[in-house]
Amino acid sequence: MGVPVPRTLVIPRRVAPFAFGRETGSTEVWTRTCPIEPHPGLYTTVKGWTDPFALLQIEDPRDRVLASVLRQDAVAAGHSGAAIVGAEGQLTIEGRRGEGDKLMLGLQKPERLPGHVADDVRAVHQRLSASLGPVRLEWVHDGTRTWVVQLNLGATASTGSTLVPGEAETWVRFPVERGLALLRETLKGLPTGAGIILVGEVGLTSHIADVVRKAGAPARLSVRN
């Protein structure tokens with residue numbers, strides 16, 4: 001579709017390895033697991049080379065979740081982040097200087113992006129959505145162009161501080177600094193009729209927000225305890 005995608009070697013379980021994308025000029029790589037269905041922040045994404053076959057055996061020994069492992073060229077990251085489409089069709093672009101892995105995990109908060117970076121990301125998103133409809137993407141800007149490093153189809157139901165619309169009989173407050181693992185356990189244990197309030201500064205495009213949206217219970221954001 002004419003947008004920059006880093007050179008990627010795909011090591012699947014069902015077919016022979018294949019490659020796509022273009023060289024980024026970096027000698028560094030990222031190793032990414034590729035689940036059949038999205039599981040935000042659950043499976044490995046790590047900078048550097050990792051044995052893909054060992055990784056598949058450790059994280060999915062029953063061959064039920066992971067379709068492949070990706071070896072993706074790194075991009076010299078001036079800024080990194082993600083973009084999503086909300087319930088009313090609005091585009092939310094978030095990012096920060098440098099690499100974006102900690103931003104996606106909710107360990108760092110978004111920063112104000114330079115105008116040219118936000119404009120470049122918006123243009124890439126518009127080009128993709130013109131062909132695919134609403135999309136969610138993770139991006140890296142090298143100072144010259146926006147590279148798409150991950151892409152998923154679909155919009156979200158989020159708007160403003162409401163991650164998942166709906167009312168709840170009771171609300172469970174969850175400080176975001178507790179991290180993704182405890183958040184998953186909290187969501188699994190939510191009582192019937194309960195919703196969740198994420199307390200702290202976290203991006204709408206982060207894996208923390210994605211996990212809450214995937215769970216489907218009413219959810220809100222609050223920066224105050």
# chains A, B, ... in the order shown; residues from 1 in each chain; ligands from 1
call {"tool": "closest_atom_pairs", "arguments": {"of": "stretch 85-169 of chain A", "to": "stretch 41-48 of chain A", "cutoff": "9 Å", "atoms": "only C-alpha atoms", "output": "Markdown table"}}
result
| residue | atom | partner | partner_atom | distance |
| --- | --- | --- | --- | --- |
| A:Asp101 | CA | A:Thr45 | CA | 8.5 |
| A:Met104 | CA | A:Gly41 | CA | 7.9 |
| A:Leu105 | CA | A:Gly41 | CA | 6.6 |
call {"tool": "residues_around", "arguments": {"residues": "A:Asp120", "least_positions_apart": "3", "cutoff": "7 Å", "atoms": "only C-alpha atoms", "output": "PyMOL selection string"}}
result
chain A and resi 116-117+123-124+145-146
call {"tool": "write_last_selection", "arguments": {"atoms": "N, CA and C atoms", "output": "PDB file, in the first residue's frame"}}
result
ATOM      1  N   HIS A 116       5.466  17.867  12.754  1.00  0.00           N
ATOM      2  CA  HIS A 116       5.734  17.123  11.524  1.00  0.00           C
ATOM      3  C   HIS A 116       5.645  15.617  11.738  1.00  0.00           C
ATOM      4  N   VAL A 117       5.979  15.149  12.960  1.00  0.00           N
ATOM      5  CA  VAL A 117       5.864  13.722  13.260  1.00  0.00           C
ATOM      6  C   VAL A 117       4.394  13.314  13.290  1.00  0.00           C
ATOM      7  N   ALA A 123      -0.842  10.968   8.054  1.00  0.00           N
ATOM      8  CA  ALA A 123      -0.898  10.694   6.611  1.00  0.00           C
ATOM      9  C   ALA A 123      -0.787   9.201   6.323  1.00  0.00           C
ATOM     10  N   VAL A 124       0.095   8.506   7.035  1.00  0.00           N
ATOM     11  CA  VAL A 124       0.229   7.061   6.864  1.00  0.00           C
ATOM     12  C   VAL A 124      -1.062   6.364   7.272  1.00  0.00           C
ATOM     13  N   ARG A 145      10.708   9.795   8.003  1.00  0.00           N
ATOM     14  CA  ARG A 145       9.481   9.109   7.598  1.00  0.00           C
ATOM     15  C   ARG A 145       8.942   8.264   8.748  1.00  0.00           C
ATOM     16  N   THR A 146       7.675   7.877   8.587  1.00  0.00           N
ATOM     17  CA  THR A 146       7.003   7.000   9.546  1.00  0.00           C
ATOM     18  C   THR A 146       7.054   5.569   9.041  1.00  0.00           C
TER      19      THR A 146
END
call {"tool": "select_by_dssp", "arguments": {"residues": "stretch 34-203 of chain A", "states": "helix (DSSP H, G or I)", "output": "PyMOL selection string"}}
result
chain A and resi 52-59+101-104+115-132+176-178+180-188
call {"tool": "residues_around", "arguments": {"residues": "A:Ser206", "least_positions_apart": "2", "cutoff": "7 Å", "atoms": "only C-alpha atoms", "output": "number ranges by chain"}}
result
A: 103-106, 203-204, 208-210
call {"tool": "select_by_dssp", "arguments": {"residues": "stretch 58-210 of chain A", "states": "strand (DSSP E)", "output": "PyMOL selection string"}}
result
chain A and resi 66-73+79-85+91-97+135-141+146-153+162-164+170-175+194-199
call {"tool": "atom_distance", "arguments": {"atom1": "atom CA of A:Val29", "atom2": "atom CA of A:Gly143"}}
result
18.7 Å
call {"tool": "residues_around", "arguments": {"residues": "stretch 10-25 of chain A", "least_positions_apart": "5", "cutoff": "7 Å", "atoms": "only C-alpha atoms", "output": "VMD selection string"}}
result
chain A and resid 5 67 to 71 73 to 75
call {"tool": "residues_around", "arguments": {"residues": "stretch 173-180 of chain A", "least_positions_apart": "6", "cutoff": "10 Å", "atoms": "only C-alpha atoms", "output": "count of residues only"}}
result
29
call {"tool": "residues_around", "arguments": {"residues": "A:Ala194", "least_positions_apart": "3", "cutoff": "7 Å", "atoms": "only C-alpha atoms", "output": "list of chain:residue names"}}
result
A:Ala168, A:Glu169, A:Thr170, A:Trp171, A:Leu190, A:Pro191
call {"tool": "residues_around", "arguments": {"residues": "stretch 130-134 of chain A", "least_positions_apart": "6", "cutoff": "8 Å", "atoms": "only C-alpha atoms", "output": "list of chain:residue names"}}
result
A:Val85, A:Leu153, A:Gly154, A:Ala155
call {"tool": "closest_residue", "arguments": {"among": "A:Thr50, A:Gly81, A:Arg127, A:Glu88", "to": "A:Val3", "atoms": "only C-alpha atoms"}}
result
A:Arg127
call {"tool": "closest_residue", "arguments": {"among": "A:Gly86, A:Lys102, A:Trp49, A:Trp30", "to": "A:Arg213", "atoms": "only C-alpha atoms"}}
result
A:Gly86
